[in-house]
Amino acid sequence: MRSASLAVAIVLVLVPTFARAQAEATFAGGCFWCMEPPFDDLEGVISTTSGYTAGYVENVTYEQVSAGGTGHTEAVRVVYDPNIVSYETLLQVFWRNIDPLDAGGQFCDRGDQYRSGIYHHSEMQKLLAEQSLAAVRERLGEAIATEIAPAGPFYEAERYHQDYYEKNPIRYGFYRYSCGRGERLAELWSNAQ
């Protein structure tokens, strides 16, 4: 009996040691279908979730957001292990997958609901986001349209939007190609270091 109690005590002490650290980041870069894959490819990213943020209507749906007038933007919530991947790395991936100069949306998706943004969850994230924006502005030599704001409520998108690129690879590939995303990203970032 005593050895069983000792074993339970050892497990209770050791379990937190092996628990994975988690942090959250929220980014908007146009169509959320296109923002999941680059983060999913990173070691240390635990999950990505497509959704809506930075608006003023509660429990929004895709139909409401895409119609406009809710203030929301399509976004991706990234849950990651900061011991494996840094927030700075997430910011680099974010910038290389958007057009930060476009204030009217992203690529073929037009409207406020496709604006780009970094929504910080801490003062450190805010500071790092502002530093990264300044570096991008210096590199591109133009005004940056990407907003930086505190993270607010995040509403998960409907199930069919989650991991769309994996569930519908042909449709996703056609959409991404016809939208000109890859071409514009290459134009913006081909000389990036």
# chains A, B, ... in the order shown; residues from 1 in each chain; ligands from 1
>>> select_by_dssp(residues="chain A", states="strand (DSSP E)", output="PyMOL selection string")
chain A and resi 23-29+45-53+73-80+105-106+109-110+116-120+147-150+154-156
>>> select_by_dssp(residues="region 37-80 of chain A", states="helix (DSSP H, G or I)", output="list in words")
Pro37, Pro38, Phe39, Asp40, Tyr62, Glu63, Gln64, Val65, Ser66 and Ala67 of chain A
>>> residues_around(residues="region 115-120 of chain A", least_positions_apart="4", cutoff="6 Å", atoms="only C-alpha atoms", output="NGL selection string")
:A and (26-30 or 105 or 125-126 or 146-151)
>>> write_last_selection(atoms="N, CA and C atoms", output="CSV table (one decimal), in the first residue's frame")
chain,number,residue,atom,x,y,z
A,26,THR,N,-2.4,35.1,-32.7
A,26,THR,CA,-3.5,35.3,-33.6
A,26,THR,C,-3.1,36.2,-34.7
A,27,PHE,N,-3.3,35.7,-36.0
A,27,PHE,CA,-2.8,36.5,-37.2
A,27,PHE,C,-4.0,36.5,-38.2
A,28,ALA,N,-4.1,37.6,-38.9
A,28,ALA,CA,-5.0,37.7,-40.0
A,28,ALA,C,-4.2,38.0,-41.3
A,29,GLY,N,-4.4,37.2,-42.3
A,29,GLY,CA,-3.7,37.4,-43.5
A,29,GLY,C,-4.5,37.1,-44.8
A,30,GLY,N,-5.7,37.6,-44.8
A,30,GLY,CA,-6.6,37.3,-45.9
A,30,GLY,C,-7.3,36.0,-45.6
A,105,GLY,N,-7.5,44.5,-48.5
A,105,GLY,CA,-7.8,43.1,-48.4
A,105,GLY,C,-6.5,42.3,-48.7
A,125,GLN,N,4.4,40.2,-26.8
A,125,GLN,CA,4.0,40.0,-28.2
A,125,GLN,C,3.8,41.3,-28.9
A,126,LYS,N,3.2,42.2,-28.2
A,126,LYS,CA,2.9,43.6,-28.8
A,126,LYS,C,4.3,44.2,-29.2
A,146,THR,N,-0.8,46.6,-42.3
A,146,THR,CA,-1.2,45.6,-41.3
A,146,THR,C,-1.4,46.2,-40.0
A,147,GLU,N,-2.5,45.9,-39.3
A,147,GLU,CA,-2.8,46.5,-38.0
A,147,GLU,C,-2.2,45.6,-36.9
A,148,ILE,N,-1.9,46.2,-35.8
A,148,ILE,CA,-1.5,45.6,-34.6
A,148,ILE,C,-2.4,46.0,-33.5
A,149,ALA,N,-3.1,45.0,-32.9
A,149,ALA,CA,-4.1,45.4,-31.9
A,149,ALA,C,-4.2,44.2,-30.8
A,150,PRO,N,-4.7,44.5,-29.7
A,150,PRO,CA,-4.8,43.5,-28.7
A,150,PRO,C,-5.8,42.4,-29.2
A,151,ALA,N,-5.5,41.1,-28.8
A,151,ALA,CA,-6.4,40.0,-29.2
A,151,ALA,C,-7.7,40.2,-28.4
>>> closest_residue(among="A:Glu156, A:Glu74, A:Glu63, A:Glu88", to="Cys31 (chain A)", atoms="only C-alpha atoms")
A:Glu74
>>> closest_residue(among="A:Gly71, A:Gly111, A:Gly44, A:Gly51", to="Asp163 (chain A)", atoms="only C-alpha atoms")
A:Gly51
>>> residues_around(residues="Phe39 (chain A)", least_positions_apart="4", cutoff="8 Å", atoms="only C-alpha atoms", output="PyMOL selection string")
chain A and resi 35+45+48+78+90+93
>>> closest_residue(among="A:Val136, A:Ala23, A:Ala157, A:Ala186", to="Thr49 (chain A)", atoms="only C-alpha atoms")
A:Ala157
>>> atom_distance(atom1="CA of Pro37 (chain A)", atom2="CA of Gly152 (chain A)")
23.2 Å
